[in-house]
Amino acid sequence: MKYICSRCNKTEDITTHKPACECGGLWKLDYRNNKFSNTMIVKEHWNMMRYKNFIPVNSKTWAEISLGEGMTPMVRLNKNLLLKMDYLMPTLSFKDRGAAVLIAHCRDIGVKSVVQDSSGNAGNSIAAYCARAGIDCEIFVPEGASEKKIEMIKSHNAEVTVVPGSRDHCADVCRKKVQTEGKYYANHVYNPFFYEGTKTYIYEVYEELKYIPQNIYVPLGNGTLFIGIMKGLEDLLAAGLIEKMPQIIAVQSENCAPIAEAVKNREKTPADINISSTLAEGIAIGRPMRGPEILDYIYKYSIDVITAPENRISKAKAELAAEEIYIEDTTAATYAAYLKYSQSRESNVESLLPMCGAGLKK
Ligand SMILES: Cc1ncc(COP(=O)(O)O)c(C=O)c1O
Ligand SMILES: [Zn+2]
């Protein structure tokens, strides 16, 4: 198995510590996983490792660092609305799906120390799995990142560097360190192993329901859950387990929507936008590095891209809290977007929403 550059098609061994190709293109994995089938699910594992036959990482290493991630429950809020409780993960967000696989890979190729930038959840997750794997870890977060998230990252023995300025600038500072000090970039956007983990979101939904709901909502910042969901669905299509793609509805922040803007003009790269502050800080990504890949999926599968109404996020959060579902603002933004969008559409369609992050972290 090799990495292949998404821009110039150059290949590289996956043992490389280079964060991206020399041309600037991001790596993809040059590999086809086993056809998804019920018989290849390893049911003794009551966690994500039950899908190890579809994930290209050493399962012995994964078992050593696993925190029991995955197999999150689904809750039916009403006849047409299913919520997948991905905040019930070891570090309280869906990022554990990707981090477990990525850090197992890091340990396998002998990485001793990593850096990563994050609005908080991905950093938390990488920090936890690094602690488990005995890998040193430094996390860069933008100023204004939640104190609770910072506290939790530190509790996993990671160093935290708070960078003044935007989330995009924070990523630039971290990448500079990768360039100048040759650190391993254990990043959820750059490293394709992360998506091998996030695709299990769909595997779990399919295994539990035996079908895929008609509408699937997904928050869209850098697209780590989005790309994972697309990979998972393409696996189900290839295996003949679903006949067509469901309607995917990607949710951006009203105040930071480079993909939604690009789609308006059918552009192939994210739009240059002005960002203003948003409660949905987890998806406030002005320059999503996998933008062209995300836009390819959007056009290929007629995905809708909508924005979360900023002035309805707090109310949406309170509404779910009143149903005993306590989520962070970025996740409430997905729910606010769902309420607005579904009002104007067919009413008798089943929708699935991911509950990505826990409210306690805010
Ligand atoms: C709670 C929450 N939801 C959604 C996202 C969006 O993920 P992505 O930026 O990979 O699209 C994040 C990312 O940090 C997050 O923390
Ligand atoms: Zn290249």
# chains A, B, ... in the order shown; residues from 1 in each chain; ligands from 1
$ residues_near_ligand --ligand "ligand 2" --cutoff "9 Å" --atoms "only C-alpha atoms and all ligand atoms" --output "MDAnalysis selection string"
chainID A and resid 4:11 20:27
$ write_last_selection --atoms "all heavy atoms" --output "tab-separated table (two decimals), in the first residue's frame"
chain	number	residue	atom	x	y	z
A	4	ILE	N	-0.61	8.20	-2.58
A	4	ILE	CA	-0.55	8.77	-3.92
A	4	ILE	C	-0.95	10.25	-3.80
A	4	ILE	O	-1.88	10.59	-3.06
A	4	ILE	CB	-1.45	7.99	-4.90
A	4	ILE	CG1	-1.34	8.57	-6.31
A	4	ILE	CG2	-2.90	7.94	-4.49
A	4	ILE	CD1	-1.82	7.64	-7.40
A	5	CYS	N	-0.20	11.11	-4.48
A	5	CYS	CA	-0.47	12.55	-4.38
A	5	CYS	C	-1.76	12.89	-5.12
A	5	CYS	O	-1.96	12.48	-6.26
A	5	CYS	CB	0.70	13.33	-4.96
A	5	CYS	SG	0.33	15.09	-5.09
A	6	SER	N	-2.63	13.67	-4.44
A	6	SER	CA	-3.92	14.00	-5.07
A	6	SER	C	-3.76	15.04	-6.18
A	6	SER	O	-4.69	15.31	-6.91
A	6	SER	CB	-4.91	14.51	-4.01
A	6	SER	OG	-4.34	15.55	-3.28
A	7	ARG	N	-2.54	15.61	-6.32
A	7	ARG	CA	-2.35	16.62	-7.35
A	7	ARG	C	-1.54	16.08	-8.54
A	7	ARG	O	-1.93	16.21	-9.68
A	7	ARG	CB	-1.64	17.83	-6.74
A	7	ARG	CG	-1.89	19.09	-7.51
A	7	ARG	CD	-1.17	20.28	-6.89
A	7	ARG	NE	-1.86	20.85	-5.74
A	7	ARG	CZ	-1.33	21.80	-4.96
A	7	ARG	NH1	-0.10	22.24	-5.17
A	7	ARG	NH2	-2.02	22.28	-3.95
A	8	CYS	N	-0.37	15.44	-8.24
A	8	CYS	CA	0.52	15.06	-9.35
A	8	CYS	C	0.64	13.53	-9.52
A	8	CYS	O	1.41	13.06	-10.35
A	8	CYS	CB	1.91	15.68	-9.16
A	8	CYS	SG	2.88	14.88	-7.86
A	9	ASN	N	-0.09	12.77	-8.67
A	9	ASN	CA	-0.10	11.30	-8.75
A	9	ASN	C	1.21	10.62	-8.38
A	9	ASN	O	1.35	9.41	-8.57
A	9	ASN	CB	-0.50	10.83	-10.16
A	9	ASN	CG	-1.97	11.05	-10.41
A	9	ASN	OD1	-2.76	11.09	-9.46
A	9	ASN	ND2	-2.35	11.23	-11.65
A	10	LYS	N	2.18	11.37	-7.86
A	10	LYS	CA	3.42	10.73	-7.40
A	10	LYS	C	3.08	9.79	-6.23
A	10	LYS	O	2.19	10.09	-5.42
A	10	LYS	CB	4.36	11.84	-6.93
A	10	LYS	CG	5.73	11.33	-6.55
A	10	LYS	CD	6.66	12.45	-6.13
A	10	LYS	CE	7.85	11.83	-5.46
A	10	LYS	NZ	8.22	12.39	-4.20
A	11	THR	N	3.78	8.66	-6.16
A	11	THR	CA	3.52	7.76	-5.03
A	11	THR	C	4.66	7.83	-4.02
A	11	THR	O	5.78	8.23	-4.34
A	11	THR	CB	3.33	6.30	-5.49
A	11	THR	OG1	4.50	5.90	-6.18
A	11	THR	CG2	2.11	6.14	-6.35
A	20	ALA	N	3.03	15.96	3.22
A	20	ALA	CA	2.36	16.06	1.92
A	20	ALA	C	3.41	15.87	0.84
A	20	ALA	O	4.61	15.77	1.13
A	20	ALA	CB	1.69	17.43	1.78
A	21	CYS	N	2.96	15.83	-0.41
A	21	CYS	CA	3.88	15.69	-1.54
A	21	CYS	C	4.69	16.99	-1.72
A	21	CYS	O	4.24	18.07	-1.33
A	21	CYS	CB	3.04	15.41	-2.78
A	21	CYS	SG	3.96	15.26	-4.30
A	22	GLU	N	5.85	16.89	-2.35
A	22	GLU	CA	6.67	18.10	-2.61
A	22	GLU	C	5.89	19.15	-3.40
A	22	GLU	O	6.12	20.35	-3.26
A	22	GLU	CB	7.94	17.76	-3.42
A	22	GLU	CG	9.09	17.22	-2.57
A	22	GLU	CD	9.02	15.69	-2.46
A	22	GLU	OE1	8.17	15.09	-3.16
A	22	GLU	OE2	9.79	15.11	-1.66
A	23	CYS	N	4.95	18.71	-4.23
A	23	CYS	CA	4.19	19.67	-5.06
A	23	CYS	C	3.12	20.39	-4.25
A	23	CYS	O	2.43	21.27	-4.76
A	23	CYS	CB	3.56	18.94	-6.25
A	23	CYS	SG	2.04	18.07	-5.84
A	24	GLY	N	2.95	19.99	-3.00
A	24	GLY	CA	1.93	20.63	-2.15
A	24	GLY	C	0.64	19.83	-2.08
A	24	GLY	O	-0.23	20.10	-1.24
A	25	GLY	N	0.50	18.84	-2.97
A	25	GLY	CA	-0.73	18.02	-2.97
A	25	GLY	C	-0.80	17.14	-1.72
A	25	GLY	O	0.23	16.71	-1.20
A	26	LEU	N	-2.01	16.88	-1.26
A	26	LEU	CA	-2.18	16.03	-0.07
A	26	LEU	C	-2.22	14.56	-0.49
A	26	LEU	O	-2.62	14.22	-1.60
A	26	LEU	CB	-3.47	16.38	0.67
A	26	LEU	CG	-3.58	17.81	1.20
A	26	LEU	CD1	-4.75	17.93	2.19
A	26	LEU	CD2	-2.31	18.28	1.89
A	27	TRP	N	-1.80	13.70	0.44
A	27	TRP	CA	-1.80	12.25	0.15
A	27	TRP	C	-3.20	11.68	0.18
A	27	TRP	O	-4.03	12.10	0.98
A	27	TRP	CB	-0.98	11.48	1.20
A	27	TRP	CG	0.44	11.86	1.37
A	27	TRP	CD1	1.07	12.16	2.55
A	27	TRP	CD2	1.47	11.92	0.36
A	27	TRP	NE1	2.40	12.42	2.33
A	27	TRP	CE2	2.66	12.29	1.00
A	27	TRP	CE3	1.48	11.73	-1.02
A	27	TRP	CZ2	3.87	12.45	0.32
A	27	TRP	CZ3	2.67	11.89	-1.71
A	27	TRP	CH2	3.84	12.25	-1.04
$ residues_near_ligand --ligand "ligand 1" --cutoff "9 Å" --atoms "only C-alpha atoms and all ligand atoms" --output "PyMOL selection string"
chain A and resi 87+93-95+118-123+188-189+218-227+252+280-285+288+327-334+354-358
$ atom_distance --atom1 "CA of Ser351 (chain A)" --atom2 "CA of Tyr335 (chain A)"
11.0 Å
$ select_by_dssp --residues "region 137-351 of chain A" --states "helix (DSSP H, G or I)" --output "JSON, numbers by chain"
{"A": [147, 148, 149, 150, 151, 152, 153, 154, 155, 167, 168, 169, 170, 171, 172, 173, 174, 175, 176, 177, 178, 179, 180, 181, 193, 194, 195, 196, 197, 198, 200, 201, 202, 203, 204, 205, 206, 207, 208, 209, 224, 225, 226, 227, 228, 229, 230, 231, 232, 233, 234, 235, 236, 237, 238, 258, 259, 260, 261, 262, 263, 264, 281, 282, 283, 291, 292, 293, 294, 295, 296, 297, 298, 299, 300, 310, 311, 312, 313, 314, 315, 316, 317, 318, 319, 320, 321, 329, 330, 331, 332, 333, 334, 335, 336, 337, 338, 339, 340, 341, 342, 343]}
$ residues_around --residues "region 127-135 of chain A" --least-positions-apart "2" --cutoff "8 Å" --atoms "only C-alpha atoms" --output "JSON list (two decimals) with all heavy atoms, in the first residue's frame"
[["chain", "number", "residue", "atom", "x", "y", "z"],
["A", 64, "GLU", "N", -3.60, -2.42, 20.93],
["A", 64, "GLU", "CA", -2.78, -1.94, 22.06],
["A", 64, "GLU", "C", -3.16, -0.53, 22.49],
["A", 64, "GLU", "O", -3.06, -0.18, 23.66],
["A", 64, "GLU", "CB", -1.29, -1.96, 21.67],
["A", 64, "GLU", "CG", -0.68, -3.35, 21.71],
["A", 64, "GLU", "CD", 0.64, -3.43, 20.93],
["A", 64, "GLU", "OE1", 1.19, -2.37, 20.54],
["A", 64, "GLU", "OE2", 1.10, -4.56, 20.71],
["A", 65, "ILE", "N", -3.57, 0.29, 21.53],
["A", 65, "ILE", "CA", -3.84, 1.69, 21.90],
["A", 65, "ILE", "C", -5.34, 2.02, 21.94],
["A", 65, "ILE", "O", -5.72, 3.13, 22.29],
["A", 65, "ILE", "CB", -3.15, 2.67, 20.93],
["A", 65, "ILE", "CG1", -3.76, 2.59, 19.52],
["A", 65, "ILE", "CG2", -1.65, 2.44, 20.87],
["A", 65, "ILE", "CD1", -3.60, 3.90, 18.76],
["A", 66, "SER", "N", -6.17, 1.06, 21.58],
["A", 66, "SER", "CA", -7.61, 1.34, 21.51],
["A", 66, "SER", "C", -8.16, 1.79, 22.86],
["A", 66, "SER", "O", -7.74, 1.32, 23.92],
["A", 66, "SER", "CB", -8.36, 0.08, 21.04],
["A", 66, "SER", "OG", -9.75, 0.33, 21.11],
["A", 67, "LEU", "N", -9.11, 2.70, 22.81],
["A", 67, "LEU", "CA", -9.82, 3.12, 24.03],
["A", 67, "LEU", "C", -11.29, 2.68, 23.94],
["A", 67, "LEU", "O", -12.16, 3.26, 24.57],
["A", 67, "LEU", "CB", -9.74, 4.65, 24.17],
["A", 67, "LEU", "CG", -8.35, 5.20, 24.54],
["A", 67, "LEU", "CD1", -8.28, 6.70, 24.26],
["A", 67, "LEU", "CD2", -8.04, 4.93, 26.00],
["A", 91, "THR", "N", -13.01, 10.47, 24.09],
["A", 91, "THR", "CA", -12.68, 11.87, 24.41],
["A", 91, "THR", "C", -13.85, 12.80, 24.07],
["A", 91, "THR", "O", -13.67, 14.00, 23.88],
["A", 91, "THR", "CB", -11.39, 12.36, 23.71],
["A", 91, "THR", "OG1", -11.66, 12.62, 22.33],
["A", 91, "THR", "CG2", -10.26, 11.36, 23.83],
["A", 99, "ALA", "N", -8.65, 9.41, 15.00],
["A", 99, "ALA", "CA", -7.39, 9.48, 15.76],
["A", 99, "ALA", "C", -6.88, 8.08, 16.13],
["A", 99, "ALA", "O", -5.67, 7.83, 16.09],
["A", 99, "ALA", "CB", -7.59, 10.32, 17.02],
["A", 100, "ALA", "N", -7.78, 7.17, 16.48],
["A", 100, "ALA", "CA", -7.35, 5.82, 16.87],
["A", 100, "ALA", "C", -6.57, 5.17, 15.72],
["A", 100, "ALA", "O", -5.50, 4.59, 15.91],
["A", 100, "ALA", "CB", -8.57, 4.97, 17.23],
["A", 103, "ILE", "N", -3.17, 7.22, 14.91],
["A", 103, "ILE", "CA", -2.07, 7.05, 15.88],
["A", 103, "ILE", "C", -1.58, 5.59, 15.89],
["A", 103, "ILE", "O", -0.40, 5.33, 16.12],
["A", 103, "ILE", "CB", -2.49, 7.55, 17.29],
["A", 103, "ILE", "CG1", -2.82, 9.06, 17.21],
["A", 103, "ILE", "CG2", -1.38, 7.31, 18.32],
["A", 103, "ILE", "CD1", -1.73, 9.97, 16.63],
["A", 104, "ALA", "N", -2.44, 4.64, 15.59],
["A", 104, "ALA", "CA", -1.97, 3.25, 15.44],
["A", 104, "ALA", "C", -0.95, 3.22, 14.28],
["A", 104, "ALA", "O", 0.11, 2.58, 14.38],
["A", 104, "ALA", "CB", -3.13, 2.31, 15.16],
["A", 107, "ARG", "N", 2.37, 4.82, 15.40],
["A", 107, "ARG", "CA", 3.16, 3.93, 16.24],
["A", 107, "ARG", "C", 3.82, 2.83, 15.40],
["A", 107, "ARG", "O", 4.96, 2.46, 15.62],
["A", 107, "ARG", "CB", 2.26, 3.30, 17.30],
["A", 107, "ARG", "CG", 3.03, 2.33, 18.18],
["A", 107, "ARG", "CD", 2.45, 2.36, 19.54],
["A", 107, "ARG", "NE", 2.51, 1.06, 20.17],
["A", 107, "ARG", "CZ", 2.36, 0.88, 21.45],
["A", 107, "ARG", "NH1", 2.14, 1.88, 22.24],
["A", 107, "ARG", "NH2", 2.42, -0.32, 21.96],
["A", 111, "VAL", "N", 6.93, 6.62, 14.77],
["A", 111, "VAL", "CA", 6.90, 8.06, 15.10],
["A", 111, "VAL", "C", 7.03, 8.22, 16.62],
["A", 111, "VAL", "O", 6.38, 7.52, 17.38],
["A", 111, "VAL", "CB", 5.56, 8.67, 14.60],
["A", 111, "VAL", "CG1", 5.37, 10.08, 15.13],
["A", 111, "VAL", "CG2", 5.50, 8.64, 13.08],
["A", 112, "LYS", "N", 7.90, 9.18, 17.02],
["A", 112, "LYS", "CA", 8.11, 9.37, 18.46],
["A", 112, "LYS", "C", 7.45, 10.63, 19.00],
["A", 112, "LYS", "O", 7.22, 10.77, 20.20],
["A", 112, "LYS", "CB", 9.63, 9.48, 18.75],
["A", 112, "LYS", "CG", 10.42, 8.23, 18.36],
["A", 112, "LYS", "CD", 10.34, 7.18, 19.46],
["A", 112, "LYS", "CE", 11.09, 5.91, 19.14],
["A", 112, "LYS", "NZ", 10.35, 4.95, 18.33],
["A", 113, "SER", "N", 7.19, 11.58, 18.07],
["A", 113, "SER", "CA", 6.68, 12.87, 18.53],
["A", 113, "SER", "C", 5.85, 13.50, 17.42],
["A", 113, "SER", "O", 6.25, 13.46, 16.25],
["A", 113, "SER", "CB", 7.92, 13.71, 18.88],
["A", 113, "SER", "OG", 7.65, 15.05, 18.83],
["A", 114, "VAL", "N", 4.68, 14.07, 17.77],
["A", 114, "VAL", "CA", 3.82, 14.65, 16.73],
["A", 114, "VAL", "C", 3.38, 16.07, 17.11],
["A", 114, "VAL", "O", 3.40, 16.44, 18.28],
["A", 114, "VAL", "CB", 2.54, 13.81, 16.48],
["A", 114, "VAL", "CG1", 2.86, 12.35, 16.20],
["A", 114, "VAL", "CG2", 1.56, 13.92, 17.63],
["A", 123, "GLY", "N", -7.60, 17.80, 18.52],
["A", 123, "GLY", "CA", -6.38, 17.87, 19.34],
["A", 123, "GLY", "C", -6.50, 16.99, 20.57],
["A", 123, "GLY", "O", -5.56, 16.29, 20.97],
["A", 124, "ASN", "N", -7.67, 17.04, 21.16],
["A", 124, "ASN", "CA", -7.94, 16.22, 22.34],
["A", 124, "ASN", "C", -7.78, 14.74, 22.05],
["A", 124, "ASN", "O", -7.19, 13.97, 22.82],
["A", 124, "ASN", "CB", -9.42, 16.45, 22.69],
["A", 124, "ASN", "CG", -9.57, 16.78, 24.12],
["A", 124, "ASN", "OD1", -9.13, 16.00, 24.95],
["A", 124, "ASN", "ND2", -10.15, 17.93, 24.39],
["A", 125, "SER", "N", -8.35, 14.38, 20.93],
["A", 125, "SER", "CA", -8.36, 12.99, 20.53],
["A", 125, "SER", "C", -6.94, 12.51, 20.20],
["A", 125, "SER", "O", -6.51, 11.43, 20.67],
["A", 125, "SER", "CB", -9.26, 12.93, 19.30],
["A", 125, "SER", "OG", -9.83, 11.71, 19.18],
["A", 137, "CYS", "N", 3.44, 14.73, 22.20],
["A", 137, "CYS", "CA", 2.41, 15.42, 21.42],
["A", 137, "CYS", "C", 2.33, 16.90, 21.79],
["A", 137, "CYS", "O", 2.30, 17.24, 22.96],
["A", 137, "CYS", "CB", 1.08, 14.72, 21.71],
["A", 137, "CYS", "SG", -0.33, 15.42, 20.92],
["A", 138, "GLU", "N", 2.31, 17.75, 20.76],
["A", 138, "GLU", "CA", 2.07, 19.18, 20.98],
["A", 138, "GLU", "C", 0.87, 19.61, 20.13],
["A", 138, "GLU", "O", 0.83, 19.34, 18.93],
["A", 138, "GLU", "CB", 3.31, 20.01, 20.59],
["A", 138, "GLU", "CG", 3.08, 21.50, 20.81],
["A", 138, "GLU", "CD", 4.30, 22.36, 20.45],
["A", 138, "GLU", "OE1", 5.34, 21.80, 20.02],
["A", 138, "GLU", "OE2", 4.17, 23.59, 20.58],
["A", 139, "ILE", "N", -0.08, 20.27, 20.77],
["A", 139, "ILE", "CA", -1.30, 20.68, 20.07],
["A", 139, "ILE", "C", -1.35, 22.21, 20.00],
["A", 139, "ILE", "O", -1.21, 22.90, 21.02],
["A", 139, "ILE", "CB", -2.57, 20.17, 20.80],
["A", 139, "ILE", "CG1", -2.53, 18.64, 21.01],
["A", 139, "ILE", "CG2", -3.82, 20.61, 20.06],
["A", 139, "ILE", "CD1", -2.64, 17.81, 19.76],
["A", 153, "ILE", "N", -6.88, 18.48, 26.92],
["A", 153, "ILE", "CA", -5.69, 18.15, 26.12],
["A", 153, "ILE", "C", -4.47, 18.03, 27.06],
["A", 153, "ILE", "O", -3.69, 17.08, 26.99],
["A", 153, "ILE", "CB", -5.41, 19.22, 25.03],
["A", 153, "ILE", "CG1", -6.55, 19.25, 24.01],
["A", 153, "ILE", "CG2", -4.08, 18.95, 24.33],
["A", 153, "ILE", "CD1", -6.51, 20.42, 23.02],
["A", 156, "HIS", "N", -3.94, 14.92, 29.04],
["A", 156, "HIS", "CA", -3.37, 13.76, 28.33],
["A", 156, "HIS", "C", -1.86, 13.94, 28.15],
["A", 156, "HIS", "O", -1.26, 13.34, 27.26],
["A", 156, "HIS", "CB", -4.02, 13.61, 26.95],
["A", 156, "HIS", "CG", -5.50, 13.39, 26.99],
["A", 156, "HIS", "ND1", -6.10, 12.45, 27.79],
["A", 156, "HIS", "CD2", -6.52, 13.99, 26.31],
["A", 156, "HIS", "CE1", -7.41, 12.49, 27.61],
["A", 156, "HIS", "NE2", -7.69, 13.42, 26.73],
["A", 157, "ASN", "N", -1.30, 14.83, 28.97],
["A", 157, "ASN", "CA", 0.16, 15.06, 28.95],
["A", 157, "ASN", "C", 0.68, 15.71, 27.69],
["A", 157, "ASN", "O", 1.87, 15.62, 27.40],
["A", 157, "ASN", "CB", 0.93, 13.75, 29.15],
["A", 157, "ASN", "CG", 0.98, 13.39, 30.62],
["A", 157, "ASN", "OD1", 0.83, 14.28, 31.46],
["A", 157, "ASN", "ND2", 1.17, 12.10, 30.91],
["A", 158, "ALA", "N", -0.21, 16.32, 26.91],
["A", 158, "ALA", "CA", 0.27, 17.00, 25.70],
["A", 158, "ALA", "C", 0.60, 18.45, 26.04],
["A", 158, "ALA", "O", 0.03, 19.03, 26.97],
["A", 158, "ALA", "CB", -0.81, 16.95, 24.63]]
$ closest_residue --among "A:Met230, A:Ile126, A:Met89, A:Ile150" --to "Lys362 (chain A)" --atoms "only C-alpha atoms"
A:Ile150
$ residues_around --residues "Phe36 (chain A)" --least-positions-apart "2" --cutoff "7 Å" --atoms "only C-alpha atoms" --output "list in words"
Asn34, Asp235, Leu236 and Ala239 of chain A
$ residues_around --residues "Lys315 (chain A)" --least-positions-apart "4" --cutoff "9 Å" --atoms "only C-alpha atoms" --output "list in words"
Asn311, Glu319, Leu320, Ala332 and Ala336 of chain A
$ decode --residues "region 128-137 of chain A" --atoms "all heavy atoms" --output "mmCIF file, in the first residue's frame"
data_model
loop_
_atom_site.group_PDB
_atom_site.id
_atom_site.type_symbol
_atom_site.label_atom_id
_atom_site.label_comp_id
_atom_site.auth_asym_id
_atom_site.auth_seq_id
_atom_site.Cartn_x
_atom_site.Cartn_y
_atom_site.Cartn_z
ATOM 1 N N ALA A 128 -4.940 12.141 23.390
ATOM 2 C CA ALA A 128 -5.278 10.955 24.188
ATOM 3 C C ALA A 128 -4.641 9.694 23.612
ATOM 4 O O ALA A 128 -4.033 8.894 24.336
ATOM 5 C CB ALA A 128 -6.794 10.788 24.247
ATOM 6 N N TYR A 129 -4.765 9.520 22.301
ATOM 7 C CA TYR A 129 -4.217 8.290 21.695
ATOM 8 C C TYR A 129 -2.693 8.314 21.704
ATOM 9 O O TYR A 129 -2.059 7.266 21.834
ATOM 10 C CB TYR A 129 -4.798 8.061 20.298
ATOM 11 C CG TYR A 129 -6.230 7.564 20.392
ATOM 12 C CD1 TYR A 129 -7.298 8.450 20.367
ATOM 13 C CD2 TYR A 129 -6.498 6.211 20.593
ATOM 14 C CE1 TYR A 129 -8.602 8.003 20.503
ATOM 15 C CE2 TYR A 129 -7.803 5.757 20.738
ATOM 16 C CZ TYR A 129 -8.854 6.660 20.693
ATOM 17 O OH TYR A 129 -10.133 6.206 20.852
ATOM 18 N N CYS A 130 -2.096 9.511 21.580
ATOM 19 C CA CYS A 130 -0.635 9.592 21.676
ATOM 20 C C CYS A 130 -0.185 9.170 23.074
ATOM 21 O O CYS A 130 0.803 8.443 23.226
ATOM 22 C CB CYS A 130 -0.151 11.021 21.398
ATOM 23 S SG CYS A 130 -0.025 11.373 19.652
ATOM 24 N N ALA A 131 -0.914 9.632 24.103
ATOM 25 C CA ALA A 131 -0.551 9.259 25.481
ATOM 26 C C ALA A 131 -0.591 7.746 25.614
ATOM 27 O O ALA A 131 0.302 7.115 26.190
ATOM 28 C CB ALA A 131 -1.512 9.919 26.462
ATOM 29 N N ARG A 132 -1.595 7.164 25.049
ATOM 30 C CA ARG A 132 -1.783 5.710 25.080
ATOM 31 C C ARG A 132 -0.647 4.985 24.346
ATOM 32 O O ARG A 132 -0.235 3.907 24.721
ATOM 33 C CB ARG A 132 -3.118 5.455 24.384
ATOM 34 C CG ARG A 132 -3.694 4.137 24.536
ATOM 35 C CD ARG A 132 -4.715 4.082 25.643
ATOM 36 N NE ARG A 132 -5.317 2.770 25.591
ATOM 37 C CZ ARG A 132 -5.285 1.911 26.580
ATOM 38 N NH1 ARG A 132 -4.763 2.241 27.732
ATOM 39 N NH2 ARG A 132 -5.818 0.714 26.434
ATOM 40 N N ALA A 133 -0.175 5.630 23.264
ATOM 41 C CA ALA A 133 0.840 4.995 22.407
ATOM 42 C C ALA A 133 2.266 5.361 22.822
ATOM 43 O O ALA A 133 3.222 4.892 22.206
ATOM 44 C CB ALA A 133 0.605 5.417 20.951
ATOM 45 N N GLY A 134 2.403 6.230 23.843
ATOM 46 C CA GLY A 134 3.740 6.639 24.274
ATOM 47 C C GLY A 134 4.422 7.559 23.263
ATOM 48 O O GLY A 134 5.641 7.520 23.080
ATOM 49 N N ILE A 135 3.639 8.400 22.600
ATOM 50 C CA ILE A 135 4.169 9.339 21.606
ATOM 51 C C ILE A 135 4.030 10.763 22.161
ATOM 52 O O ILE A 135 2.966 11.130 22.669
ATOM 53 C CB ILE A 135 3.384 9.201 20.270
ATOM 54 C CG1 ILE A 135 3.626 7.819 19.658
ATOM 55 C CG2 ILE A 135 3.751 10.307 19.293
ATOM 56 C CD1 ILE A 135 2.775 7.523 18.414
ATOM 57 N N ASP A 136 5.116 11.553 22.082
ATOM 58 C CA ASP A 136 5.032 12.950 22.545
ATOM 59 C C ASP A 136 4.124 13.752 21.634
ATOM 60 O O ASP A 136 4.131 13.527 20.415
ATOM 61 C CB ASP A 136 6.415 13.610 22.527
ATOM 62 C CG ASP A 136 7.283 13.085 23.648
ATOM 63 O OD1 ASP A 136 6.728 12.512 24.601
ATOM 64 O OD2 ASP A 136 8.517 13.239 23.546
ATOM 65 N N CYS A 137 3.436 14.727 22.204
ATOM 66 C CA CYS A 137 2.415 15.419 21.417
ATOM 67 C C CYS A 137 2.332 16.901 21.788
ATOM 68 O O CYS A 137 2.295 17.242 22.964
ATOM 69 C CB CYS A 137 1.084 14.717 21.714
ATOM 70 S SG CYS A 137 -0.332 15.425 20.924
#
